[in-house]
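The structure under discussion appears below in the form of structure tokens.
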Amino acid sequence: MYEFATGLNQMEALSLDISADADHAIVWQNDRLYLLDQRLLPDEEHYIELHTCAEAAAAITAMVVRGAPAIGITAAYAVVLAARAGFAQSATGWLRLMQRDLAVLGLARPTAVNLRWAIERMERVALGLPSGDPEAALLAAAVQIHQEDVAANKRIGEIGARIVGERTSVITHCNAGALATGGYGTALGVVRSAFAAGLIDWVYADETRPWFQGSRLTAWELSRDAIPVRIITEGAAARLMGEGGVGWVIVGADRIAANGDVVNKIGTYNLAVVARYHGVKVMVAAPTSTIDLSVLNGERIPIEMRSPDEVLSCRDRRIGAPGVDAWNPVFDVTPAALIDVIVTERGAIHLPDANKVAELMNS
Ligand code: MRU
């Protein structure tokens, strides 16, 4: 049993009848929702069972599950839990009760648009249902969102690998892998497909302070698939690019604005600036569910601020000088002008701008 840093604690942790792997970070089994606890990786492979929509919201906030598409998929299953609880309370008033829970779920994390996207899609399904128990129909819709995400990632992988084109090393940031999605991954989907095509020398995983998604999660996931991965500190990226041999920076996205600006894990912007200086290309791999046409540019996207403790401590041990505070924005905006290509399941946008993004979304 583990306590959450925020919100409720004491969720039940169970061993599931499957072996933990990155493609099964989100599991719906026997009418229950289970999440692989990403806070514990790579040391422990442990699932948490979620009983309610509020627990799922707390798990998203506490980063038991993280990564934009994975947050959206978890939210879709959380809608099923909300509808179940609502229907148990009132066969006629379940929709209203469910919507009350969804208002809280929608606030679990502010930046990844996939959360809102999944809730709205599930809510539309709920609104169209006839009277009676909504659970089966909503579960089918959640499973569809999950399966569509995996299919999108495979397509992104194919398109992205073709663009990589020739054998090279790549740098990736954060974890945009199977763990962060329904499976296969976005940026790591491109890496997987490119590796299968013989195009990858090394994957350099930025450790990605302060939460270490790179050194803990990306390195775990790729090494399990025998894809050659080395961990680097964020500060080593410029030196590495300067030495040559790195053709691409490949990252995911939490939200892409209408003009092609990309909000992703803090440090992505640094990488893109350094990449441009060294003539290294930048690829953003993301499903269209991450594109938010309602925001004109990246500066209008809310950037999540998290606790200074995440910067000041490591594994519950304080490392910052006593009495000193920290500033902890966890995402940044990479201007479209620094991005060579955005790869989605519908195709690639080279040198993105508002017209090209709109064209892809209308295709
Ligand atoms: O704070 P996190 O770990 O949820 O941030 C995740 C990222 O920034 C990922 O790069 C992004 O969500 C893309 S995941 C396919």
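Note on naming: chains are A, B, ... as they come in the structure tokens, residues start from 1 per chain, ligands start from 1 in the order shown.
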* Asked: What are the DSSP strand (DSSP E) residues of region 134-184 of chain A, as a PyMOL selection string?
  -> chain A and resi 168-172
Can I get the selected residues back with C-alpha atoms, as a PDB file, in the first residue's frame?
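Writing the result to out-v1.pdb gives the following:
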ATOM      1  CA  THR A 168      21.710   7.596 -36.743  1.00  0.00           C
ATOM      2  CA  SER A 169      21.581   8.149 -32.996  1.00  0.00           C
ATOM      3  CA  VAL A 170      18.696  10.063 -31.451  1.00  0.00           C
ATOM      4  CA  ILE A 171      18.041  11.981 -28.263  1.00  0.00           C
ATOM      5  CA  THR A 172      14.688  11.674 -26.534  1.00  0.00           C
TER       6      THR A 172
END
* Asked: Which residues form the shell of 6 Å around ligand 1 when you count only C-alpha atoms and all ligand atoms, given as a PyMOL selection string?
  -> chain A and resi 66-69+174-177+180-181+185-186+252-254+264-265
* Kindly indicate which residue among A:Leu179, A:Leu360, A:Ala88, A:Ile156 lies nearest to Arg39 (chain A), using only C-alpha atoms for the distances. => A:Leu179
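With only C-alpha atoms as the atoms that count, the residue of A:Pro287, A:Pro42, A:Gly260, A:Pro308 with the shortest distance to Glu148 (chain A) is A:Pro287.
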* **Within 12 Å of Ala285 (chain A) using only C-alpha atoms, minus same-chain residues under 6 positions, as a ChimeraX atom specification** => /A:68-69,152-161,163,172-173,175-177,181,185-191,249-256,262,264,291,339-350
Using only C-alpha atoms, find each residue of region 145-217 of chain A with at least one atom at most 12 Å away from an atom of region 309-321 of chain A; report its shortest atom-to-atom pair and that distance in Å (one decimal), sort the rows by chain and rising residue number, and return the result as JSON lines.
{"residue": "A:Thr208", "atom": "CA", "partner": "A:Val311", "partner_atom": "CA", "distance": 11.4}
{"residue": "A:Arg209", "atom": "CA", "partner": "A:Val311", "partner_atom": "CA", "distance": 7.7}
{"residue": "A:Pro210", "atom": "CA", "partner": "A:Val311", "partner_atom": "CA", "distance": 5.4}
{"residue": "A:Trp211", "atom": "CA", "partner": "A:Glu310", "partner_atom": "CA", "distance": 7.0}
{"residue": "A:Phe212", "atom": "CA", "partner": "A:Cys314", "partner_atom": "CA", "distance": 9.9}
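Comparing A:Ile231, A:Ala226, A:Leu50, A:Leu338 by their smallest distance to Val280 (chain A), the closest is A:Leu338 (using only C-alpha atoms).
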* Show which residues sit within 12 Å of Ala136 (chain A), as a ChimeraX atom specification. Count only C-alpha atoms, and ignore same-chain residues fewer than 2 positions away. => /A:31,77,79-81,83-84,125-126,129,132-134,138-143
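Neighbours of Gly242 (chain A) closer than or equal to 12 Å, with only C-alpha atoms counted and sequence neighbours fewer than 6 positions away skipped, come out as Ala236, Val274, Ala275, Arg276, Tyr277, His278, Gly279 and Val280 of chain A.
Secondary structure by DSSP on the backbone puts the following residues of region 254-295 of chain A in helix (DSSP H, G or I): Thr268, Tyr269, Asn270, Leu271, Ala272, Val273, Val274, Ala275, Arg276, Tyr277, His278, Thr288, Ser289 and Thr290 of chain A.
All residues of protein, DNA or RNA that reach within 12 Å of Arg32 (chain A), judged by only C-alpha atoms and not counting those fewer than 4 positions away in the chain, are Glu12, Leu14, Leu16, Ile26, Val27, Trp28, Tyr47, Ile48, Glu49, Leu50, His51, Thr52, Cys53, Ala56, Thr74, Tyr77, Ala78, Val80, Leu81, Arg84 and Leu139 of chain A.
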* Asked: Which value, in Å to one decimal, gives the distance between CA of Leu35 (chain A) and CA of Val64 (chain A)?
  -> 7.1 Å
* **Shell of 10 Å around Trp117 (chain A), only C-alpha atoms, local chain residues under 5 positions omitted, as a ChimeraX atom specification** => /A:69,72-73,75-76,106,112,122-123,289-292
Go ahead and save the residues from that selection, with C-alpha atoms, as an mmCIF file, in the first residue's frame.
data_model
loop_
_atom_site.group_PDB
_atom_site.id
_atom_site.type_symbol
_atom_site.label_atom_id
_atom_site.label_comp_id
_atom_site.auth_asym_id
_atom_site.auth_seq_id
_atom_site.Cartn_x
_atom_site.Cartn_y
_atom_site.Cartn_z
ATOM 1 C CA PRO A 69 -2.295 9.835 -24.050
ATOM 2 C CA GLY A 72 -6.570 10.434 -21.490
ATOM 3 C CA ILE A 73 -7.053 6.659 -21.576
ATOM 4 C CA ALA A 75 -9.698 9.222 -17.741
ATOM 5 C CA ALA A 76 -11.851 7.300 -20.226
ATOM 6 C CA GLY A 106 -10.929 17.256 -15.541
ATOM 7 C CA ALA A 112 -2.146 17.465 -21.311
ATOM 8 C CA MET A 122 -16.874 9.829 -23.271
ATOM 9 C CA GLU A 123 -19.455 12.389 -22.170
ATOM 10 C CA SER A 289 -5.869 13.929 -29.844
ATOM 11 C CA THR A 290 -2.958 16.051 -28.555
ATOM 12 C CA ILE A 291 -3.637 18.887 -31.021
ATOM 13 C CA ASP A 292 -5.798 21.623 -29.523
#
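Of the listed residues (A:Val203, A:Val330, A:Ile232, A:Ala118), A:Ala118 comes nearest to Ala70 (chain A); the distances count only C-alpha atoms.
Shortest atom-to-atom contact with Glu55 (chain A) among A:Leu217, A:Leu33, A:Leu41, A:Ala257: A:Leu33, counting only C-alpha atoms.
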* To do: Could you jot down the CA of Thr218 (chain A) to CA of Ala205 (chain A) separation for me, Å, one decimal place?
  => 6.7 Å
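Among the candidates A:Val324, A:Val164, A:Leu36, A:Val333, the residue lying nearest to Leu199 (chain A) is A:Val164 (atoms considered: only C-alpha atoms).
Put simply, CA of Arg167 (chain A) is 9.7 Å away from CA of Val246 (chain A).
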